[in-house]
Every structure is written in C-alpha cells, then in structure tokens.
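Only one structure is covered here, and it is reproduced in the block below.
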Amino acid sequence: MDEKENVQSMIGEVFVVEEIDEYGQPWVRKSWPNEAEGTCSSHSVAIEPREMEFVGESTPPSSQNT
C-alpha cells in the first residue's frame, strides 16, 4: 500500500488517542509492519471533533480480572 491507501485504511477504525496537542486536537497513530522486510511504517493524524466518536474506556489487559 502507498501512503494515501494507508491513511485511508484508518477511516472507520477505533484508536486510542495518543495525545491532545496545544490546539486541543487529538492525535491517533496506526502502524503497518512488514515482517518480510523487517520494517514498519506508521502514520499519525490529528482528528477533528466531527471525525470522532467516543466508544468507551478500555482497561489494560494487565489490570483485567480473570
């Protein structure tokens, strides 16, 4: 995939917000590992409020009760 296809593949996915910048925009990231070549590419994008939907809080696996 090229960069445009990678970014377009992010549409509709669920992400954890990595940071909120000084302008109040949340940033998310996705990585595309290429195990055959031993490389990984990633892309971070700032999301507008109209592009987001709160889907709930997640609990890290290490703190879930079993």
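Here's how to read the names in the structure tokens: chain A, B, ... by the order shown, residue numbers from 1 in each chain, ligand numbers from 1 in the order shown.
For Trp27 in chain A, the set of protein, DNA and RNA residues having any atom at most 8 Å away, when counting only C-alpha atoms and skipping those fewer than 5 positions along the same chain, is A:Val17, A:Glu18, A:Glu19, A:Ile20, A:Asp21, A:Ser44, A:Val45, A:Ala46, A:Ile47.
Proximity ranking of A:Val55, A:Glu48, A:Met1, A:Thr39 relative to Gly24 in chain A places A:Glu48 first, based on only C-alpha atoms.
Selecting helix (DSSP H, G or I) from the backbone DSSP output for chain A yields Glu3, Lys4, Glu5, Asn6, Val7, Gln8, Pro49, Arg50, Glu51, Pro61, Ser62 and Ser63 of chain A.
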Keeping all heavy atoms, export the residues of the selection given above as a compact mmCIF listing (two decimals), in the first residue's frame.
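Output file out_16.txt is given in full below:
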```
# COMPACT_ATOMS: atom_id res chain seq x y z
N GLU A 3 1.18 5.50 0.82
CA GLU A 3 0.82 6.31 1.99
C GLU A 3 -0.66 6.71 1.99
O GLU A 3 -1.32 6.65 3.01
CB GLU A 3 1.70 7.56 2.06
CG GLU A 3 1.46 8.37 3.30
CD GLU A 3 2.42 9.54 3.44
OE1 GLU A 3 3.24 9.77 2.53
OE2 GLU A 3 2.33 10.22 4.46
N LYS A 4 -1.17 7.11 0.84
CA LYS A 4 -2.58 7.52 0.75
C LYS A 4 -3.50 6.36 1.12
O LYS A 4 -4.46 6.53 1.87
CB LYS A 4 -2.89 8.03 -0.65
CG LYS A 4 -4.32 8.50 -0.82
CD LYS A 4 -4.57 9.01 -2.22
CE LYS A 4 -6.02 9.42 -2.41
NZ LYS A 4 -6.27 9.91 -3.77
N GLU A 5 -3.22 5.18 0.60
CA GLU A 5 -4.03 4.00 0.91
C GLU A 5 -3.94 3.66 2.40
O GLU A 5 -4.94 3.28 3.01
CB GLU A 5 -3.58 2.80 0.08
CG GLU A 5 -3.91 2.93 -1.39
CD GLU A 5 -3.29 1.81 -2.21
OE1 GLU A 5 -2.14 1.40 -1.91
OE2 GLU A 5 -3.97 1.36 -3.13
N ASN A 6 -2.75 3.79 2.97
CA ASN A 6 -2.59 3.53 4.41
C ASN A 6 -3.46 4.46 5.23
O ASN A 6 -4.19 4.02 6.12
CB ASN A 6 -1.13 3.69 4.83
CG ASN A 6 -0.27 2.51 4.44
OD1 ASN A 6 -0.75 1.44 4.10
ND2 ASN A 6 1.03 2.72 4.48
N VAL A 7 -3.40 5.76 4.94
CA VAL A 7 -4.19 6.73 5.71
C VAL A 7 -5.68 6.48 5.49
O VAL A 7 -6.46 6.49 6.45
CB VAL A 7 -3.79 8.17 5.34
CG1 VAL A 7 -4.73 9.17 5.99
CG2 VAL A 7 -2.35 8.45 5.77
N GLN A 8 -6.09 6.21 4.27
CA GLN A 8 -7.50 5.94 4.00
C GLN A 8 -7.97 4.68 4.73
O GLN A 8 -9.14 4.60 5.12
CB GLN A 8 -7.76 5.82 2.50
CG GLN A 8 -7.69 7.15 1.80
CD GLN A 8 -7.88 7.03 0.29
OE1 GLN A 8 -7.52 6.04 -0.32
NE2 GLN A 8 -8.43 8.08 -0.30
N PRO A 49 -13.09 17.07 15.82
CA PRO A 49 -14.20 16.54 16.62
C PRO A 49 -15.29 15.86 15.78
O PRO A 49 -15.83 14.84 16.17
CB PRO A 49 -14.75 17.77 17.34
CG PRO A 49 -13.56 18.66 17.47
CD PRO A 49 -12.77 18.44 16.19
N ARG A 50 -15.58 16.39 14.61
CA ARG A 50 -16.62 15.79 13.76
C ARG A 50 -16.20 14.44 13.18
O ARG A 50 -17.01 13.70 12.65
CB ARG A 50 -17.02 16.75 12.64
CG ARG A 50 -15.89 17.08 11.69
CD ARG A 50 -16.34 18.06 10.60
NE ARG A 50 -15.24 18.65 9.89
CZ ARG A 50 -14.47 18.02 9.01
NH1 ARG A 50 -14.69 16.76 8.73
NH2 ARG A 50 -13.48 18.65 8.41
N GLU A 51 -14.92 14.10 13.30
CA GLU A 51 -14.40 12.84 12.78
C GLU A 51 -14.29 11.77 13.86
O GLU A 51 -13.83 10.66 13.59
CB GLU A 51 -13.02 13.05 12.16
CG GLU A 51 -13.02 14.01 10.99
CD GLU A 51 -11.64 14.35 10.52
OE1 GLU A 51 -10.75 14.66 11.36
OE2 GLU A 51 -11.43 14.30 9.30
N PRO A 61 -4.99 -4.90 29.57
CA PRO A 61 -5.07 -6.33 29.87
C PRO A 61 -4.46 -6.71 31.21
O PRO A 61 -4.97 -7.58 31.89
CB PRO A 61 -4.29 -7.00 28.73
CG PRO A 61 -4.30 -5.99 27.63
CD PRO A 61 -4.38 -4.63 28.29
N SER A 62 -3.41 -6.03 31.64
CA SER A 62 -2.75 -6.38 32.90
C SER A 62 -3.61 -6.08 34.12
O SER A 62 -3.40 -6.60 35.19
CB SER A 62 -1.41 -5.66 33.02
OG SER A 62 -1.63 -4.26 33.03
N SER A 63 -4.65 -5.23 33.97
CA SER A 63 -5.47 -4.89 35.12
C SER A 63 -6.88 -5.49 35.05
O SER A 63 -7.71 -5.21 35.88
CB SER A 63 -5.57 -3.36 35.27
OG SER A 63 -6.21 -2.81 34.13
```
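Going from CA of Arg29 in chain A to CA of Ser42 in chain A covers 6.9 Å.
When CA of Ile11 in chain A is paired with CA of Ser31 in chain A, their separation reads 13.9 Å.
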